[in-house]
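K.L.:
Contents of final.txt (compact mmCIF, C-alpha atoms and all ligand atoms):
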# COMPACT_ATOMS: atom_id res chain seq x y z
CA LYS G 37 -6.62 31.84 -19.96
CA THR G 38 -5.57 32.34 -16.36
CA PHE G 39 -6.72 29.80 -13.82
CA SER G 40 -7.78 30.53 -10.24
CA LYS G 41 -5.84 27.53 -8.90
CA LYS G 42 -3.26 25.02 -10.10
CA ILE G 43 -4.01 21.60 -8.61
CA LEU G 44 -1.67 18.62 -8.79
CA ILE G 45 -3.42 15.24 -8.62
CA THR G 46 -1.00 12.32 -8.26
CA GLY G 47 -1.96 8.82 -9.40
CA GLY G 48 -4.66 10.26 -11.66
CA ALA G 49 -4.33 7.47 -14.22
CA GLY G 50 -5.24 4.85 -11.64
CA PHE G 51 -8.64 3.61 -10.53
CA ILE G 52 -9.75 6.21 -7.96
CA GLY G 53 -7.46 8.94 -9.29
CA SER G 54 -9.09 8.85 -12.73
CA HIS G 55 -12.52 9.43 -11.18
CA VAL G 56 -11.11 12.32 -9.12
CA VAL G 57 -9.44 13.88 -12.19
CA ARG G 58 -12.67 13.60 -14.21
CA LEU G 59 -14.74 15.20 -11.43
CA PHE G 60 -12.32 18.11 -10.94
CA VAL G 61 -11.71 18.79 -14.65
CA ASN G 62 -15.45 18.88 -15.39
CA LYS G 63 -16.66 20.61 -12.23
CA TYR G 64 -13.93 23.26 -11.96
CA PRO G 65 -13.11 24.70 -15.42
CA ASP G 66 -11.43 27.52 -13.53
CA TYR G 67 -8.80 25.18 -12.04
CA MET G 68 -5.85 23.87 -14.02
CA ILE G 69 -5.58 20.16 -13.21
CA TYR G 70 -2.20 18.46 -13.55
CA ASN G 71 -2.28 14.66 -13.45
CA LEU G 72 1.12 13.27 -12.39
CA ASP G 73 1.45 9.51 -12.85
CA LYS G 74 4.28 7.04 -13.42
CA LEU G 75 2.00 4.75 -15.43
CA THR G 76 2.84 1.57 -13.57
CA TYR G 77 0.84 -1.55 -14.42
CA ALA G 78 -2.07 0.14 -12.56
CA GLY G 79 -1.94 3.46 -14.41
CA ASN G 80 -3.99 3.58 -17.58
CA LEU G 81 -4.57 6.77 -19.60
CA ALA G 82 -7.39 5.04 -21.46
CA ASN G 83 -9.37 5.70 -18.24
CA LEU G 84 -9.35 9.41 -19.12
CA THR G 85 -10.04 9.65 -22.86
CA ASP G 86 -13.13 11.80 -22.19
CA VAL G 87 -11.13 14.57 -20.51
CA GLU G 88 -7.69 14.33 -22.12
CA LYS G 89 -8.33 17.23 -24.51
CA ALA G 90 -9.94 19.56 -21.95
CA PRO G 91 -8.20 22.98 -21.82
CA ASN G 92 -7.81 22.74 -18.03
CA TYR G 93 -6.12 19.32 -18.02
CA LYS G 94 -2.49 18.31 -18.44
CA PHE G 95 -0.90 14.90 -18.04
CA VAL G 96 2.67 14.67 -16.71
CA LYS G 97 4.48 11.34 -16.74
CA GLY G 98 6.82 10.95 -13.79
CA ASP G 99 7.81 9.13 -10.63
CA ILE G 100 7.09 10.62 -7.20
CA VAL G 101 10.16 8.78 -5.87
CA ASP G 102 12.43 10.90 -8.13
CA THR G 103 13.35 13.80 -5.81
CA GLY G 104 14.98 16.02 -8.45
CA PHE G 105 12.11 15.62 -10.89
CA ILE G 106 9.45 16.35 -8.23
CA SER G 107 11.25 19.41 -6.94
CA ALA G 108 11.69 20.79 -10.50
CA LEU G 109 8.02 20.12 -11.32
CA PHE G 110 6.86 22.06 -8.24
CA ASN G 111 9.28 24.92 -8.88
CA GLU G 112 8.10 25.22 -12.47
CA ASN G 113 4.36 25.07 -11.78
CA LYS G 114 3.91 26.50 -8.26
CA PHE G 115 0.86 24.37 -7.44
CA ASP G 116 -1.72 25.77 -5.00
CA GLY G 117 -3.00 22.36 -3.98
CA VAL G 118 -1.95 18.72 -4.05
CA ILE G 119 -4.34 15.76 -3.95
CA HIS G 120 -2.05 12.79 -3.47
CA LEU G 121 -3.37 9.40 -4.55
CA ALA G 122 -0.34 7.82 -6.26
CA ALA G 123 0.54 4.63 -4.47
CA GLU G 124 1.21 0.96 -4.79
CA SER G 125 -2.25 -0.20 -3.73
CA HIS G 126 -2.57 -3.99 -3.81
CA VAL G 127 -2.08 -5.93 -0.56
CA ASP G 128 -1.08 -9.23 -2.25
CA ARG G 129 1.66 -7.47 -4.23
CA SER G 130 2.95 -5.87 -1.01
CA ILE G 131 3.34 -9.34 0.50
CA GLU G 132 5.42 -10.41 -2.54
CA ASN G 133 7.48 -7.22 -2.89
CA PRO G 134 7.31 -4.79 0.05
CA MET G 135 10.15 -2.50 -1.12
CA GLU G 136 8.17 -0.90 -3.99
CA PHE G 137 5.54 0.05 -1.40
CA ILE G 138 8.10 1.68 0.85
CA PHE G 139 9.61 3.65 -2.05
CA THR G 140 6.40 4.91 -3.62
CA ASN G 141 4.13 5.17 -0.60
CA ILE G 142 6.59 6.54 1.97
CA VAL G 143 9.55 8.08 0.10
CA GLY G 144 7.26 9.38 -2.68
CA THR G 145 4.94 11.05 -0.17
CA VAL G 146 7.82 12.71 1.68
CA ASN G 147 9.27 13.96 -1.64
CA LEU G 148 5.92 15.63 -2.39
CA LEU G 149 5.75 17.16 1.10
CA ASN G 150 9.29 18.55 0.76
CA ALA G 151 8.52 19.98 -2.68
CA ALA G 152 5.32 21.65 -1.40
CA LYS G 153 7.21 23.06 1.58
CA GLY G 154 9.89 24.33 -0.83
CA ILE G 155 7.51 26.36 -3.03
CA TRP G 156 5.08 27.53 -0.34
CA LYS G 157 7.85 28.86 1.94
CA ASP G 158 5.65 29.48 5.00
CA ASN G 159 3.06 31.36 2.91
CA TYR G 160 0.23 28.89 3.25
CA ASP G 161 -2.71 31.10 2.38
CA GLY G 162 -5.17 29.03 0.31
CA LYS G 163 -2.72 26.12 0.01
CA VAL G 164 -3.61 22.46 0.76
CA PHE G 165 -1.73 19.17 0.76
CA TYR G 166 -4.35 16.41 0.83
CA HIS G 167 -3.30 12.79 1.38
CA VAL G 168 -5.78 10.12 0.27
CA SER G 169 -5.34 7.13 2.55
CA THR G 170 -6.98 3.89 3.58
CA ASP G 171 -8.89 2.38 6.50
CA GLU G 172 -6.35 -0.49 6.52
CA VAL G 173 -4.02 1.65 8.66
CA TYR G 174 -6.32 0.91 11.62
CA GLY G 175 -5.72 -2.85 11.39
CA SER G 176 -8.43 -5.45 11.81
CA LEU G 177 -11.71 -5.38 13.76
CA HIS G 178 -12.47 -8.60 15.63
CA ASP G 179 -15.18 -7.79 18.18
CA GLY G 180 -17.64 -5.52 16.43
CA GLY G 181 -17.26 -1.75 16.50
CA PHE G 182 -16.10 0.66 13.82
CA PHE G 183 -12.98 2.60 12.89
CA THR G 184 -13.25 6.26 13.88
CA GLU G 185 -10.76 9.06 13.23
CA THR G 186 -9.25 8.46 16.69
CA THR G 187 -8.78 4.68 16.39
CA SER G 188 -5.11 3.81 17.01
CA TYR G 189 -3.02 2.79 14.04
CA ASP G 190 -2.30 -0.93 13.89
CA PRO G 191 -1.34 -1.78 10.27
CA GLN G 192 -0.94 -5.49 9.54
CA SER G 193 0.32 -5.78 5.94
CA PRO G 194 3.34 -4.20 4.25
CA TYR G 195 0.84 -2.14 2.19
CA SER G 196 -1.02 -0.80 5.22
CA ALA G 197 2.25 -0.23 7.12
CA SER G 198 3.51 1.89 4.21
CA LYS G 199 0.26 3.89 4.08
CA ALA G 200 0.38 4.34 7.88
CA GLY G 201 3.97 5.59 7.54
CA SER G 202 2.93 8.11 4.88
CA ASP G 203 -0.02 9.32 7.01
CA HIS G 204 2.38 9.87 9.92
CA PHE G 205 4.76 11.91 7.76
CA VAL G 206 1.90 14.06 6.46
CA ARG G 207 0.76 14.84 10.01
CA ALA G 208 4.36 15.32 11.20
CA TYR G 209 4.89 17.94 8.44
CA HIS G 210 1.76 19.74 9.61
CA ASN G 211 2.89 19.66 13.22
CA THR G 212 6.52 20.58 12.54
CA TYR G 213 6.43 22.86 9.50
CA LYS G 214 2.76 23.94 9.61
CA ILE G 215 2.11 22.58 6.09
CA PRO G 216 -1.70 22.80 5.65
CA VAL G 217 -2.65 19.13 5.36
CA LEU G 218 -5.79 17.04 5.11
CA VAL G 219 -5.99 13.25 5.41
CA SER G 220 -8.86 10.90 4.60
CA ASN G 221 -9.06 7.17 5.28
CA CYS G 222 -11.52 5.32 3.07
CA SER G 223 -12.94 1.81 2.95
CA ASN G 224 -12.92 -0.56 -0.06
CA ASN G 225 -13.88 1.08 -3.35
CA TYR G 226 -15.56 -0.60 -6.31
CA GLY G 227 -16.64 0.71 -9.71
CA GLN G 228 -15.58 1.31 -13.31
CA ASN G 229 -11.87 1.10 -14.25
CA GLN G 230 -10.68 -0.93 -11.26
CA PHE G 231 -7.76 -3.17 -12.20
CA PRO G 232 -8.87 -6.83 -12.26
CA GLU G 233 -6.50 -7.91 -9.48
CA LYS G 234 -8.93 -6.52 -6.88
CA LEU G 235 -11.79 -8.70 -5.65
CA LEU G 236 -14.82 -7.47 -7.61
CA PRO G 237 -13.30 -6.89 -11.08
CA LEU G 238 -11.29 -10.13 -10.71
CA MET G 239 -14.52 -12.05 -10.08
CA ILE G 240 -16.35 -10.27 -12.91
CA ASN G 241 -13.51 -10.99 -15.36
CA ASN G 242 -13.26 -14.64 -14.31
CA ILE G 243 -17.02 -15.13 -14.55
CA ILE G 244 -17.01 -13.69 -18.09
CA ASN G 245 -14.23 -16.15 -18.98
CA LYS G 246 -15.70 -19.07 -16.95
CA LYS G 247 -12.51 -19.30 -14.89
CA PRO G 248 -12.33 -20.39 -11.20
CA LEU G 249 -13.29 -17.73 -8.64
CA PRO G 250 -10.56 -17.80 -5.94
CA VAL G 251 -11.99 -17.07 -2.49
CA TYR G 252 -9.29 -16.73 0.18
CA GLY G 253 -9.65 -18.90 3.30
CA LYS G 254 -13.28 -19.47 4.22
CA GLY G 255 -14.52 -16.26 2.60
CA GLU G 256 -15.55 -14.90 6.01
CA ASN G 257 -13.55 -11.67 5.92
CA VAL G 258 -15.67 -8.54 5.90
CA ARG G 259 -15.15 -5.37 3.86
CA ASP G 260 -17.18 -2.11 3.74
CA TRP G 261 -17.79 -1.29 0.06
CA LEU G 262 -18.15 2.23 -1.36
CA TYR G 263 -18.83 3.26 -4.96
CA VAL G 264 -15.72 4.98 -6.37
CA VAL G 265 -17.60 8.08 -7.58
CA ASP G 266 -18.87 8.60 -4.03
CA HIS G 267 -15.26 8.47 -2.82
CA ALA G 268 -14.33 11.07 -5.47
CA ARG G 269 -17.25 13.26 -4.28
CA ALA G 270 -16.00 12.94 -0.69
CA ILE G 271 -12.48 13.97 -1.80
CA ASP G 272 -13.97 17.06 -3.49
CA VAL G 273 -15.89 18.01 -0.33
CA ILE G 274 -12.88 17.45 1.97
CA PHE G 275 -10.50 19.34 -0.34
CA HIS G 276 -12.81 22.37 -0.38
CA LYS G 277 -14.42 22.32 3.06
CA GLY G 278 -12.21 20.14 5.27
CA LYS G 279 -10.61 21.75 8.30
CA ILE G 280 -6.83 21.97 7.90
CA GLY G 281 -4.98 19.41 10.01
CA GLU G 282 -8.03 17.15 10.32
CA THR G 283 -8.68 13.56 9.30
CA TYR G 284 -11.94 12.31 7.78
CA ASN G 285 -13.05 8.67 7.57
CA ILE G 286 -15.04 7.74 4.45
CA GLY G 287 -17.14 4.59 4.14
CA GLY G 288 -20.29 3.13 2.66
CA ASN G 289 -21.85 1.64 5.81
CA ASN G 290 -22.11 -1.40 3.56
CA GLU G 291 -20.44 -4.46 5.05
CA TRP G 292 -20.25 -7.73 3.16
CA LYS G 293 -18.59 -11.06 3.88
CA ASN G 294 -16.40 -11.91 0.87
CA ILE G 295 -18.29 -15.12 0.13
CA ASP G 296 -21.64 -13.32 0.18
CA ILE G 297 -20.52 -10.52 -2.14
CA VAL G 298 -18.94 -13.04 -4.53
CA LYS G 299 -22.21 -15.02 -4.61
CA LEU G 300 -24.15 -11.81 -5.28
CA VAL G 301 -21.84 -10.93 -8.19
CA CYS G 302 -22.36 -14.49 -9.54
CA LYS G 303 -26.14 -14.06 -9.37
CA VAL G 304 -26.12 -10.65 -11.08
CA MET G 305 -23.74 -11.90 -13.79
CA ASP G 306 -25.81 -15.06 -14.48
CA GLN G 307 -28.86 -12.85 -15.05
CA LYS G 308 -27.03 -10.39 -17.29
CA LEU G 309 -25.24 -13.08 -19.32
CA GLY G 310 -28.38 -15.20 -19.67
CA ARG G 311 -26.67 -18.10 -17.93
CA ALA G 312 -28.45 -20.72 -15.82
CA SER G 313 -28.93 -19.74 -12.19
CA GLY G 314 -26.04 -21.16 -10.13
CA GLU G 315 -23.71 -21.57 -13.12
CA SER G 316 -21.21 -18.92 -12.00
CA GLU G 317 -21.40 -19.92 -8.33
CA SER G 318 -20.15 -23.37 -9.31
CA LEU G 319 -16.86 -21.66 -10.29
CA ILE G 320 -16.17 -20.62 -6.66
CA THR G 321 -12.93 -22.22 -5.44
CA TYR G 322 -11.65 -21.82 -1.91
CA VAL G 323 -7.89 -21.19 -1.99
CA LYS G 324 -5.09 -20.67 0.55
CA ASP G 325 -5.75 -17.65 2.75
CA ARG G 326 -3.84 -14.36 2.33
CA ALA G 327 -0.97 -14.18 4.86
CA GLY G 328 -1.95 -11.98 7.82
CA HIS G 329 -5.45 -11.48 6.34
CA ASP G 330 -7.37 -8.74 8.21
CA LEU G 331 -10.73 -10.09 9.35
CA ARG G 332 -12.99 -7.05 9.18
CA TYR G 333 -12.88 -3.38 8.21
CA ALA G 334 -15.81 -1.07 8.95
CA ILE G 335 -15.87 2.71 8.92
CA ASP G 336 -17.79 5.13 11.11
CA ALA G 337 -18.31 8.04 8.68
CA THR G 338 -20.28 10.24 11.11
CA LYS G 339 -17.72 13.07 11.06
CA ILE G 340 -17.71 13.71 7.30
CA LYS G 341 -21.50 13.34 7.21
CA GLN G 342 -22.17 15.75 10.09
CA GLU G 343 -19.39 18.29 9.57
CA LEU G 344 -19.15 18.38 5.77
CA GLY G 345 -22.60 17.13 4.70
CA TRP G 346 -21.31 14.25 2.53
CA GLU G 347 -23.47 11.15 1.96
CA PRO G 348 -23.02 8.27 -0.48
CA SER G 349 -25.26 8.93 -3.51
CA LEU G 350 -25.89 5.32 -4.54
CA GLN G 351 -27.36 2.22 -2.93
CA PHE G 352 -24.98 -0.73 -3.26
CA GLU G 353 -27.27 -2.75 -5.57
CA GLU G 354 -27.41 0.21 -7.97
CA GLY G 355 -23.64 0.76 -7.87
CA LEU G 356 -22.95 -2.93 -8.44
CA ASN G 357 -25.37 -2.97 -11.36
CA ILE G 358 -23.63 0.03 -13.00
CA THR G 359 -20.23 -1.57 -12.37
CA VAL G 360 -21.11 -4.97 -13.83
CA ASP G 361 -22.71 -3.31 -16.88
CA TRP G 362 -19.59 -1.20 -17.38
CA TYR G 363 -17.29 -4.26 -17.38
CA LEU G 364 -19.65 -6.15 -19.72
CA ASN G 365 -19.76 -3.19 -22.12
CA ASN G 366 -16.01 -2.57 -21.92
CA GLN G 367 -14.57 -6.03 -22.40
CA GLU G 368 -11.91 -4.56 -24.68
CA TRP G 369 -10.67 -2.49 -21.70
CA LEU G 370 -10.49 -5.70 -19.64
CA GLU G 371 -8.69 -7.59 -22.42
CA ASN G 372 -6.21 -4.72 -22.86
CA VAL G 373 -5.34 -4.50 -19.17
CA THR G 374 -5.05 -8.24 -18.73
CA SER G 375 -2.84 -8.57 -21.83
CA GLY G 376 -0.80 -5.44 -21.07
CA ALA G 377 -1.75 -3.87 -24.43
CA TYR G 378 -3.02 -0.69 -22.74
CA GLN G 379 0.53 0.27 -21.89
CA ASN G 380 1.04 1.41 -25.51
CA TYR G 381 -1.58 4.14 -25.02
CA TYR G 382 0.93 6.68 -23.71
CA GLN G 383 3.25 6.08 -26.68
CA LEU G 384 0.37 6.57 -29.13
CA GLN G 385 -1.30 9.57 -27.52
CA TYR G 386 1.40 11.54 -25.75
CA SER G 387 4.99 10.76 -26.58
CA SER G 388 5.00 12.73 -29.84
CA LYS G 389 3.54 15.87 -28.19
P1 LIG G 401 -4.33 2.15 -8.29
O1 LIG G 401 -3.31 1.10 -8.01
O2 LIG G 401 -5.48 1.83 -9.20
O3 LIG G 401 -3.63 3.46 -8.90
C1 LIG G 401 -2.43 3.96 -8.41
C2 LIG G 401 -1.88 4.96 -9.42
O4 LIG G 401 -0.65 5.49 -8.90
C3 LIG G 401 -1.56 4.34 -10.78
O5 LIG G 401 -2.04 5.16 -11.82
C4 LIG G 401 -0.04 4.28 -10.80
O6 LIG G 401 0.51 4.37 -12.10
C5 LIG G 401 0.33 5.47 -9.93
N1 LIG G 401 1.66 5.33 -9.33
C6 LIG G 401 2.14 4.24 -8.65
N2 LIG G 401 3.41 4.47 -8.26
C7 LIG G 401 3.74 5.72 -8.68
C8 LIG G 401 4.91 6.52 -8.56
N3 LIG G 401 6.01 6.05 -7.96
N4 LIG G 401 4.89 7.77 -9.09
C9 LIG G 401 3.78 8.24 -9.74
N5 LIG G 401 2.66 7.51 -9.88
C10 LIG G 401 2.64 6.26 -9.36
O7 LIG G 401 -4.84 2.62 -6.86
P2 LIG G 401 -6.30 3.06 -6.37
O8 LIG G 401 -7.03 1.85 -5.95
O9 LIG G 401 -6.88 3.98 -7.34
O10 LIG G 401 -5.90 3.86 -5.04
C11 LIG G 401 -5.55 5.24 -5.12
C12 LIG G 401 -5.20 5.73 -3.73
O11 LIG G 401 -6.32 5.58 -2.85
C13 LIG G 401 -4.05 4.99 -3.07
O12 LIG G 401 -3.28 5.93 -2.35
C14 LIG G 401 -4.72 4.01 -2.13
O13 LIG G 401 -3.90 3.72 -1.03
C15 LIG G 401 -5.95 4.80 -1.72
N6 LIG G 401 -7.14 3.98 -1.36
C16 LIG G 401 -7.59 2.99 -2.18
C17 LIG G 401 -8.75 2.29 -1.84
C18 LIG G 401 -9.32 1.20 -2.73
O14 LIG G 401 -10.27 0.54 -2.35
N7 LIG G 401 -8.82 0.98 -3.93
C19 LIG G 401 -9.43 2.61 -0.66
C20 LIG G 401 -8.91 3.62 0.17
C21 LIG G 401 -7.77 4.32 -0.21
O1 LIG G 402 -9.89 -0.97 2.66
C1 LIG G 402 -9.31 -0.20 1.64
C2 LIG G 402 -8.36 -1.06 0.83
O2 LIG G 402 -9.17 -1.90 0.04
C3 LIG G 402 -7.43 -0.23 -0.04
O3 LIG G 402 -6.58 0.52 0.79
C4 LIG G 402 -6.59 -1.13 -0.96
O4 LIG G 402 -5.82 -0.34 -1.83
C5 LIG G 402 -7.53 -2.01 -1.75
O5 LIG G 402 -6.78 -2.91 -2.54
C6 LIG G 402 -8.47 -2.78 -0.82
O6 LIG G 402 -7.75 -3.78 -0.06
P1 LIG G 402 -8.34 -5.25 0.18
O7 LIG G 402 -7.22 -6.14 0.51
O8 LIG G 402 -9.50 -5.22 1.12
O9 LIG G 402 -8.92 -5.54 -1.32
P2 LIG G 402 -8.87 -6.79 -2.28
O10 LIG G 402 -9.77 -6.49 -3.43
O11 LIG G 402 -7.48 -7.24 -2.58
O12 LIG G 402 -9.57 -7.94 -1.40
C7 LIG G 402 -10.87 -7.76 -0.85
C8 LIG G 402 -11.15 -8.99 0.01
O13 LIG G 402 -11.30 -10.13 -0.86
C9 LIG G 402 -10.04 -9.35 0.96
O14 LIG G 402 -10.60 -9.86 2.16
C10 LIG G 402 -9.26 -10.46 0.24
C11 LIG G 402 -10.34 -11.15 -0.56
N1 LIG G 402 -9.91 -11.72 -1.86
C12 LIG G 402 -9.22 -10.90 -2.71
C13 LIG G 402 -8.82 -11.38 -3.96
C14 LIG G 402 -8.03 -10.51 -4.89
C15 LIG G 402 -10.27 -13.01 -2.21
O15 LIG G 402 -10.94 -13.74 -1.44
N2 LIG G 402 -9.89 -13.48 -3.44
C16 LIG G 402 -9.16 -12.73 -4.32
O16 LIG G 402 -8.81 -13.23 -5.42
Can the structure in the file be given as structure tokens, please?

P.N.:
Amino acid sequence: KTFSKKILITGGAGFIGSHVVRLFVNKYPDYMIYNLDKLTYAGNLANLTDVEKAPNYKFVKGDIVDTGFISALFNENKFDGVIHLAAESHVDRSIENPMEFIFTNIVGTVNLLNAAKGIWKDNYDGKVFYHVSTDEVYGSLHDGGFFTETTSYDPQSPYSASKAGSDHFVRAYHNTYKIPVLVSNCSNNYGQNQFPEKLLPLMINNIINKKPLPVYGKGENVRDWLYVVDHARAIDVIFHKGKIGETYNIGGNNEWKNIDIVKLVCKVMDQKLGRASGESESLITYVKDRAGHDLRYAIDATKIKQELGWEPSLQFEEGLNITVDWYLNNQEWLENVTSGAYQNYYQLQYSSK
């Protein structure tokens, strides 16, 4: 079979990437989807068992920091489009070990840009390099207001500084070499398959196991939560309809103080687990604040709504309900990722092929 496009998705074994891979493989049987992932602690091929045998899907294990490997992969496959999600993504880890973030998020992104430039050779017809980024590049809101596409960059953590750096390189390659780029900056995602180091799955996992629920500082920091499938839908719309060179902010218009969202998760979990009301809330433990903790993120998503017609499909209560049910019904997934057992999946499924 010949395919109309060859699309490289990086980081497709991770949380958001796996939802993007699933959407593209199922919705576009005419596209060949390559999923390039290093399978770090955050990459889990068990997230993609439902699509791994699809005729338009191929998994490639590799590191975006490896210049020779990336250049050979592009030369061999001549991709028409790149949707770049591979990254080190957890703020607390970036505070402990910033260098990994600089290698993967900055050097890795520039390697991909150079490889795309190498195969496209100024013939950019129908080609797209799409960088999936974060609202954290804008820094922290203190006095109300929202992040728009023209808000100045003011990253505060090593993670957000590395994502800001990669955004700048993507735009610089558009400006200098005319690479056809798209960038989106999205707010906090939640949903199935999120690694339980991030706030919501960490709380869900700890509630299941009756472990303390660590709330940083006073729990007053605010995040704008979006269901991961709605982010994947936005990526699809931007990839196909976005104007080259433009940036799109994506958000749920759904702000929660950490302490309030944690209490809501406790309430939902008590009901679902048949526990006494208030039982899970009693596990809340205030702990030392995150260093340099951004106070509030909130996205103004008017541009993507008005220009590209995207809207979130789910109300938050519905998305949270689906998410909690998924974790309760997939406790083996949680046990495997917390014990590290999932990392054998690649050996079992792929290494002999
Ligand atoms: P994740 O940590 O769950 O997944 C990252 C994936 O990238 C993993 O599969 C990992 O194995 C892979 N990877 C890491 N380093 C690699 C390397 N050197 N080479 C190849 N693959 C590598 O992350 P996520 O939460 O799914 O985020 C995906 C992207 O979306 C990131 O770029 C992140 O900055 C961005 N983003 C995330 C959120 C969020 O709320 N999680 C919000 C906005 C934007
Ligand atoms: O805004 C988008 C960003 O959202 C993405 O770019 C990042 O990749 C993603 O990790 C996320 O960053 P946050 O730092 O906002 O997410 P995290 O889940 O780590 O924390 C959410 C909030 O909850 C934050 O204010 C810190 C707080 N927190 C987090 C953890 C893990 C706690 O109070 N306790 C915790 O144990």

K.L.:
List as a PyMOL selection string the protein and nucleic acid residues near segment 370-379 of chain G, meaning an atom at most 9 Å away when all atoms listed in the file are counted, but skip any in the same chain fewer than 5 places from it.

P.N.:
chain G and resi 75-82+229+231-232+241+363

K.L.:
For a test of reading the model, state the distance in Å between atom CA of Phe205 of chain G and atom N2 of ligand LIG 401 (chain G), rounded to one decimal.

P.N.:
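Taking atom CA of Phe205 of chain G as the start and atom N2 of ligand LIG 401 (chain G) as the end point, the length is 17.7 Å.
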
K.L.:
Go through G:Val96, G:Val164, G:Ile155, G:Leu350 and flag the residue nearest Gly47 of chain G, using only C-alpha atoms for the distances.

P.N.:
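Closest to Gly47 of chain G, using only C-alpha atoms: G:Val96.
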
K.L.:
Nearest residue to Tyr322 of chain G out of G:Val298, G:Val251, G:Ile119, G:Ala337, using all atoms listed in the file?

P.N.:
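So, comparing all the options, the nearest one is G:Val251.
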
K.L.:
Return as number ranges by chain the residues of protein, DNA or RNA that approach ligand LIG 401 (chain G) to within 7 Å, with only C-alpha atoms and all ligand atoms taken into account.

P.N.:
G: 46-53, 72-80, 98-101, 121-126, 140, 144, 168-171, 199, 221-226, 230-231

K.L.:
Using only C-alpha atoms, please write the residues we just selected to a file, as a PDB file, keeping the file's coordinate frame.

P.N.:
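Written out: again_9.pdb:
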ATOM      1  CA  THR G  46      -1.000  12.320  -8.260  1.00  0.00           C
ATOM      2  CA  GLY G  47      -1.960   8.820  -9.400  1.00  0.00           C
ATOM      3  CA  GLY G  48      -4.660  10.260 -11.660  1.00  0.00           C
ATOM      4  CA  ALA G  49      -4.330   7.470 -14.220  1.00  0.00           C
ATOM      5  CA  GLY G  50      -5.240   4.850 -11.640  1.00  0.00           C
ATOM      6  CA  PHE G  51      -8.640   3.610 -10.530  1.00  0.00           C
ATOM      7  CA  ILE G  52      -9.750   6.210  -7.960  1.00  0.00           C
ATOM      8  CA  GLY G  53      -7.460   8.940  -9.290  1.00  0.00           C
ATOM      9  CA  LEU G  72       1.120  13.270 -12.390  1.00  0.00           C
ATOM     10  CA  ASP G  73       1.450   9.510 -12.850  1.00  0.00           C
ATOM     11  CA  LYS G  74       4.280   7.040 -13.420  1.00  0.00           C
ATOM     12  CA  LEU G  75       2.000   4.750 -15.430  1.00  0.00           C
ATOM     13  CA  THR G  76       2.840   1.570 -13.570  1.00  0.00           C
ATOM     14  CA  TYR G  77       0.840  -1.550 -14.420  1.00  0.00           C
ATOM     15  CA  ALA G  78      -2.070   0.140 -12.560  1.00  0.00           C
ATOM     16  CA  GLY G  79      -1.940   3.460 -14.410  1.00  0.00           C
ATOM     17  CA  ASN G  80      -3.990   3.580 -17.580  1.00  0.00           C
ATOM     18  CA  GLY G  98       6.820  10.950 -13.790  1.00  0.00           C
ATOM     19  CA  ASP G  99       7.810   9.130 -10.630  1.00  0.00           C
ATOM     20  CA  ILE G 100       7.090  10.620  -7.200  1.00  0.00           C
ATOM     21  CA  VAL G 101      10.160   8.780  -5.870  1.00  0.00           C
ATOM     22  CA  LEU G 121      -3.370   9.400  -4.550  1.00  0.00           C
ATOM     23  CA  ALA G 122      -0.340   7.820  -6.260  1.00  0.00           C
ATOM     24  CA  ALA G 123       0.540   4.630  -4.470  1.00  0.00           C
ATOM     25  CA  GLU G 124       1.210   0.960  -4.790  1.00  0.00           C
ATOM     26  CA  SER G 125      -2.250  -0.200  -3.730  1.00  0.00           C
ATOM     27  CA  HIS G 126      -2.570  -3.990  -3.810  1.00  0.00           C
ATOM     28  CA  THR G 140       6.400   4.910  -3.620  1.00  0.00           C
ATOM     29  CA  GLY G 144       7.260   9.380  -2.680  1.00  0.00           C
ATOM     30  CA  VAL G 168      -5.780  10.120   0.270  1.00  0.00           C
ATOM     31  CA  SER G 169      -5.340   7.130   2.550  1.00  0.00           C
ATOM     32  CA  THR G 170      -6.980   3.890   3.580  1.00  0.00           C
ATOM     33  CA  ASP G 171      -8.890   2.380   6.500  1.00  0.00           C
ATOM     34  CA  LYS G 199       0.260   3.890   4.080  1.00  0.00           C
ATOM     35  CA  ASN G 221      -9.060   7.170   5.280  1.00  0.00           C
ATOM     36  CA  CYS G 222     -11.520   5.320   3.070  1.00  0.00           C
ATOM     37  CA  SER G 223     -12.940   1.810   2.950  1.00  0.00           C
ATOM     38  CA  ASN G 224     -12.920  -0.560  -0.060  1.00  0.00           C
ATOM     39  CA  ASN G 225     -13.880   1.080  -3.350  1.00  0.00           C
ATOM     40  CA  TYR G 226     -15.560  -0.600  -6.310  1.00  0.00           C
ATOM     41  CA  GLN G 230     -10.680  -0.930 -11.260  1.00  0.00           C
ATOM     42  CA  PHE G 231      -7.760  -3.170 -12.200  1.00  0.00           C
TER      43      PHE G 231
END

K.L.:
For Arg269 of chain G, which residue among G:Asn211, G:Ser349, G:Thr338, G:Ser198 is the nearest when counting only C-alpha atoms?

P.N.:
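Looking at the shortest contact to Arg269 of chain G, the residue is G:Ser349.
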
K.L.:
Can you tell me which residues surround Trp362 of chain G at a distance of at most 9 Å, considering only C-alpha atoms, apart from same-chain residues fewer than 3 positions away, and format the answer as an MDAnalysis selection string?

P.N.:
chainID G and resid 227:229 357:359 365:367

K.L.:
Each side padded by 4 Å, which centre and which edge lengths in Å (one decimal) define the axis-aligned box around the listed atoms of ligand LIG 402 (chain G)? Give them as lines of an AutoDock Vina configuration file.

P.N.:
center_x = -8.6
center_y = -6.6
center_z = -1.4
size_x = 13.5
size_y = 22.3
size_z = 16.1

K.L.:
For atom CA of Asn113 of chain G and atom CA of Ile138 of chain G, determine how far apart the two atoms are, in Å to one decimal place.

P.N.:
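It comes out at 26.8 Å.
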